[in-house]
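This report refers to the structure that appears directly beneath it.
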Amino acid sequence: MTALTEGEDLRDIAFMREALKEAKRAFDEDEVPVGAVLVVDSRIVARGRNQVELLSDATAHAEMICLSAGAAQAANWRLGNATLYCTLEPCSMCAGAMFLSRLKRLVWAAPDLRVGANGSWIDLFSQKHPIHTVEVASGILQDEAADLMRAFFQKQRKKSEPRDTCSHARDG
């Protein structure tokens, strides 16, 4: 992980806020609230949010969708001048896609203790990769991202709680 300069810190906060907007859209669509934006030359070139449920596709993570959209927009799978902002620590699948797409930099908000691939479960980014290194910064707007995730899972638990449907009370 790299230390941020003051200018990078302000940019990172602004772009992470945009990723959080995508996460909120996912939340509203009953998807796990993860959002991502891809930035080149201080301009957002692609956006993504989790669409696993919508597409019935376990690979439809915010990062994967965003990387694919960015590559399509650039007409080039190599994203060597791009920074990906994501509201959650990426999983190993998404980390692999970042290496393969030659992503310059990753900035993520909240850790994913179950499958995070930047140290929470495994740390792929600390490994010496034979062809590419991704710069990583973490913890940018961590509390906001974690709060959104907690709210989502609380909402999901409430949906699955049995309701008081005592029919005999109506029959009385």
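Please note that chains go A, B, ... in the order of the structure tokens, that every chain numbers its residues from 1, and that ligands are numbered from 1 in the order shown.
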#### Entry: All alpha helix (DSSP H) positions in chain A, as a ChimeraX atom specification
/A:6-28,52-55,62-74,92-100,142-160,167-171
### Query
Near Arg114 in chain A, within 9 Å and counting only C-alpha atoms, which residues show up once chain neighbours fewer than 5 positions away are dropped, as a PyMOL selection string?
chain A and resi 91+120-121
### Message
Can you tell me which residues surround Arg17 in chain A at a distance of at most 10 Å, considering only C-alpha atoms, apart from same-chain residues fewer than 5 positions away, and format the answer as a PyMOL selection string?
### Response
chain A and resi 11-12+22-23+35-37+85-87+140-141+144-145
Could you please take those selected residues and save N, CA, C and O atoms as an mmCIF file, in the first residue's frame?
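Contents of the output file selection-v1.cif:
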```cif
data_model
loop_
_atom_site.group_PDB
_atom_site.id
_atom_site.type_symbol
_atom_site.label_atom_id
_atom_site.label_comp_id
_atom_site.auth_asym_id
_atom_site.auth_seq_id
_atom_site.Cartn_x
_atom_site.Cartn_y
_atom_site.Cartn_z
ATOM 1 N N ARG A 11 -8.602 13.636 -4.247
ATOM 2 C CA ARG A 11 -9.122 12.980 -5.458
ATOM 3 C C ARG A 11 -9.703 11.619 -5.101
ATOM 4 O O ARG A 11 -10.780 11.258 -5.584
ATOM 5 N N ASP A 12 -8.979 10.875 -4.277
ATOM 6 C CA ASP A 12 -9.453 9.545 -3.909
ATOM 7 C C ASP A 12 -10.793 9.614 -3.183
ATOM 8 O O ASP A 12 -11.682 8.796 -3.437
ATOM 9 N N GLU A 22 -22.657 4.170 -6.755
ATOM 10 C CA GLU A 22 -22.950 2.905 -7.445
ATOM 11 C C GLU A 22 -23.344 1.828 -6.426
ATOM 12 O O GLU A 22 -24.259 1.044 -6.680
ATOM 13 N N ALA A 23 -22.670 1.808 -5.286
ATOM 14 C CA ALA A 23 -23.008 0.839 -4.238
ATOM 15 C C ALA A 23 -24.437 1.074 -3.739
ATOM 16 O O ALA A 23 -25.175 0.120 -3.491
ATOM 17 N N GLY A 35 -19.842 -0.936 -5.198
ATOM 18 C CA GLY A 35 -19.778 -0.092 -6.387
ATOM 19 C C GLY A 35 -18.344 0.179 -6.769
ATOM 20 O O GLY A 35 -17.434 0.084 -5.933
ATOM 21 N N ALA A 36 -18.156 0.518 -8.037
ATOM 22 C CA ALA A 36 -16.812 0.798 -8.536
ATOM 23 C C ALA A 36 -16.876 1.852 -9.630
ATOM 24 O O ALA A 36 -17.875 1.954 -10.349
ATOM 25 N N VAL A 37 -15.803 2.623 -9.731
ATOM 26 C CA VAL A 37 -15.616 3.534 -10.859
ATOM 27 C C VAL A 37 -14.174 3.396 -11.336
ATOM 28 O O VAL A 37 -13.254 3.181 -10.542
ATOM 29 N N TYR A 85 -11.609 2.485 -8.311
ATOM 30 C CA TYR A 85 -12.099 2.781 -6.964
ATOM 31 C C TYR A 85 -13.224 1.807 -6.681
ATOM 32 O O TYR A 85 -14.176 1.703 -7.455
ATOM 33 N N CYS A 86 -13.124 1.096 -5.564
ATOM 34 C CA CYS A 86 -14.125 0.098 -5.217
ATOM 35 C C CYS A 86 -14.468 0.218 -3.736
ATOM 36 O O CYS A 86 -13.586 0.441 -2.916
ATOM 37 N N THR A 87 -15.724 0.051 -3.415
ATOM 38 C CA THR A 87 -16.176 0.238 -2.042
ATOM 39 C C THR A 87 -15.853 -0.935 -1.126
ATOM 40 O O THR A 87 -16.012 -0.823 0.085
ATOM 41 N N ILE A 140 -10.196 4.261 2.226
ATOM 42 C CA ILE A 140 -10.773 5.547 1.829
ATOM 43 C C ILE A 140 -12.298 5.455 1.979
ATOM 44 O O ILE A 140 -12.934 4.622 1.337
ATOM 45 N N LEU A 141 -12.871 6.259 2.861
ATOM 46 C CA LEU A 141 -14.311 6.252 3.183
ATOM 47 C C LEU A 141 -14.772 4.869 3.657
ATOM 48 O O LEU A 141 -15.886 4.428 3.374
ATOM 49 N N GLU A 144 -18.204 4.700 5.684
ATOM 50 C CA GLU A 144 -19.413 4.841 4.865
ATOM 51 C C GLU A 144 -19.713 3.546 4.120
ATOM 52 O O GLU A 144 -20.861 3.089 4.068
ATOM 53 N N ALA A 145 -18.692 2.942 3.551
ATOM 54 C CA ALA A 145 -18.883 1.697 2.805
ATOM 55 C C ALA A 145 -19.307 0.563 3.738
ATOM 56 O O ALA A 145 -20.221 -0.210 3.417
#
```
#### Entry: Residues within 9 Å of Ala46 in chain A, only C-alpha atoms, excluding chain neighbours under 2 positions, as a ChimeraX atom specification
/A:36-39,44,48,65-71,73
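The space separating CA of Ala97 in chain A from CA of Arg25 in chain A comes to 23.2 Å.
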Give me the range 59-135 of chain A side of the contact with range 147-150 of chain A, cut-off 12 Å, one line per residue showing its nearest atom pair and distance in Å at one decimal, counting only C-alpha atoms, sorted by chain and residue number, as JSON lines.
```
{"residue": "A:Thr87", "atom": "CA", "partner": "A:Met149", "partner_atom": "CA", "distance": 9.5}
{"residue": "A:Leu88", "atom": "CA", "partner": "A:Met149", "partner_atom": "CA", "distance": 9.2}
{"residue": "A:Ala109", "atom": "CA", "partner": "A:Asp147", "partner_atom": "CA", "distance": 11.1}
{"residue": "A:Ala110", "atom": "CA", "partner": "A:Met149", "partner_atom": "CA", "distance": 9.2}
{"residue": "A:Pro111", "atom": "CA", "partner": "A:Met149", "partner_atom": "CA", "distance": 10.8}
{"residue": "A:Asp112", "atom": "CA", "partner": "A:Met149", "partner_atom": "CA", "distance": 10.2}
```
### Task
Write out as a list in words each polymer residue whose atoms come within 9 Å of Glu29 in chain A, counting only C-alpha atoms; drop sequence neighbours fewer than 5 positions from it.
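In the requested format, the answer is Lys24, Gln51 and Leu54 of chain A.
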Please, could you write that set of residues out with all heavy atoms as a compact mmCIF listing (two decimals), in the first residue's frame?
```
# COMPACT_ATOMS: atom_id res chain seq x y z
N LYS A 24 -24.83 2.33 -3.61
CA LYS A 24 -26.20 2.64 -3.17
C LYS A 24 -27.22 2.20 -4.20
O LYS A 24 -28.31 1.73 -3.86
CB LYS A 24 -26.32 4.12 -2.85
CG LYS A 24 -25.58 4.49 -1.57
CD LYS A 24 -25.56 5.97 -1.30
CE LYS A 24 -24.68 6.25 -0.08
NZ LYS A 24 -24.32 7.64 0.07
N GLN A 51 -24.15 -6.98 -9.75
CA GLN A 51 -25.35 -7.39 -10.47
C GLN A 51 -25.48 -8.92 -10.47
O GLN A 51 -26.03 -9.50 -11.39
CB GLN A 51 -25.32 -6.85 -11.90
CG GLN A 51 -25.38 -5.34 -11.94
CD GLN A 51 -25.41 -4.80 -13.35
OE1 GLN A 51 -25.92 -5.43 -14.27
NE2 GLN A 51 -24.86 -3.61 -13.53
N LEU A 54 -29.26 -9.95 -10.37
CA LEU A 54 -29.93 -9.56 -11.61
C LEU A 54 -29.54 -10.45 -12.78
O LEU A 54 -30.38 -10.90 -13.55
CB LEU A 54 -29.59 -8.10 -11.95
CG LEU A 54 -30.12 -7.58 -13.29
CD1 LEU A 54 -31.63 -7.43 -13.24
CD2 LEU A 54 -29.46 -6.26 -13.64
```
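Note that CA of Glu31 in chain A and CA of Met98 in chain A are 22.2 Å apart.
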### Task
Find the spatial neighbours of Val107 in chain A, counting only C-alpha atoms, within a cut-off of 6 Å - ignore same-chain residues fewer than 2 positions away - and output them as a list in words.
Tyr85, Val136, Ala137 and Ser138 of chain A
Prev. selection, all heavy atoms, output as a short mmCIF file (atom, residue, chain, number, x, y, z; two decimals), in the first residue's frame:
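Saved to again07.cif:
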```cif
data_model
loop_
_atom_site.label_atom_id
_atom_site.label_comp_id
_atom_site.auth_asym_id
_atom_site.auth_seq_id
_atom_site.Cartn_x
_atom_site.Cartn_y
_atom_site.Cartn_z
N TYR A 85 -11.61 2.49 -8.31
CA TYR A 85 -12.10 2.78 -6.96
C TYR A 85 -13.22 1.81 -6.68
O TYR A 85 -14.18 1.70 -7.45
CB TYR A 85 -12.62 4.22 -6.88
CG TYR A 85 -11.51 5.23 -7.02
CD1 TYR A 85 -11.08 5.65 -8.27
CD2 TYR A 85 -10.89 5.75 -5.89
CE1 TYR A 85 -10.04 6.57 -8.40
CE2 TYR A 85 -9.85 6.67 -6.01
CZ TYR A 85 -9.44 7.06 -7.27
OH TYR A 85 -8.40 7.96 -7.38
N VAL A 136 -1.75 -0.09 -4.53
CA VAL A 136 -2.98 -0.22 -3.74
C VAL A 136 -3.02 0.80 -2.62
O VAL A 136 -2.02 1.02 -1.93
CB VAL A 136 -3.10 -1.63 -3.14
CG1 VAL A 136 -4.38 -1.75 -2.31
CG2 VAL A 136 -3.08 -2.70 -4.22
N ALA A 137 -4.19 1.42 -2.44
CA ALA A 137 -4.49 2.25 -1.27
C ALA A 137 -5.82 1.75 -0.72
O ALA A 137 -6.70 1.35 -1.48
CB ALA A 137 -4.58 3.72 -1.66
N SER A 138 -5.95 1.74 0.59
CA SER A 138 -7.18 1.22 1.19
C SER A 138 -7.68 2.10 2.31
O SER A 138 -6.96 2.96 2.80
CB SER A 138 -6.93 -0.20 1.71
OG SER A 138 -5.97 -0.17 2.73
#
```
### Query
Which residue, A:Phe99, A:Phe152, A:Phe125, A:Trp77, has the smallest gap to Ala26 in chain A when you use only C-alpha atoms?
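Nearest candidate to Ala26 in chain A out of A:Phe99, A:Phe152, A:Phe125, A:Trp77: A:Phe152.
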#### Entry: Test item, strand (DSSP E) assignment across range 36-108 of chain A, answer as a ChimeraX atom specification
/A:36-40,43-49,82-88,105-108
### Query
Taking only C-alpha atoms into account, which of A:Arg157, A:Ala74, A:Asp30, A:Leu124 comes nearest Glu53 in chain A?
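Ranked by minimum distance to Glu53 in chain A, first place goes to A:Asp30.
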### Surrounding residues of Ala117 in chain A excluding itself and chain neighbours under 6 positions, 7 Å, only C-alpha atoms, as a PyMOL selection string
chain A and resi 89-92+95+123-124
#### Entry: Distance in Å - CA of Arg43 in chain A versus CA of Asn76 in chain A
17.0 Å
### Message
Using only C-alpha atoms for the distances, tell me which of A:Ala75, A:Met93, A:Leu84, A:Ala151 is nearest to Thr59 in chain A.
### Response
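Going through A:Ala75, A:Met93, A:Leu84, A:Ala151 one by one, the smallest distance to Thr59 in chain A is for A:Met93.
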### Query
Taking into account only C-alpha atoms, which residue in the set A:Gly139, A:Gly80, A:Pro33, A:Pro162 is nearest to Arg102 in chain A?
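Closest to Arg102 in chain A of all the choices is A:Gly80.
Nearest to Asn118 in chain A of all the residues A:Glu18, A:Val134, A:Leu79, A:Arg49 is A:Val134, counting only C-alpha atoms.
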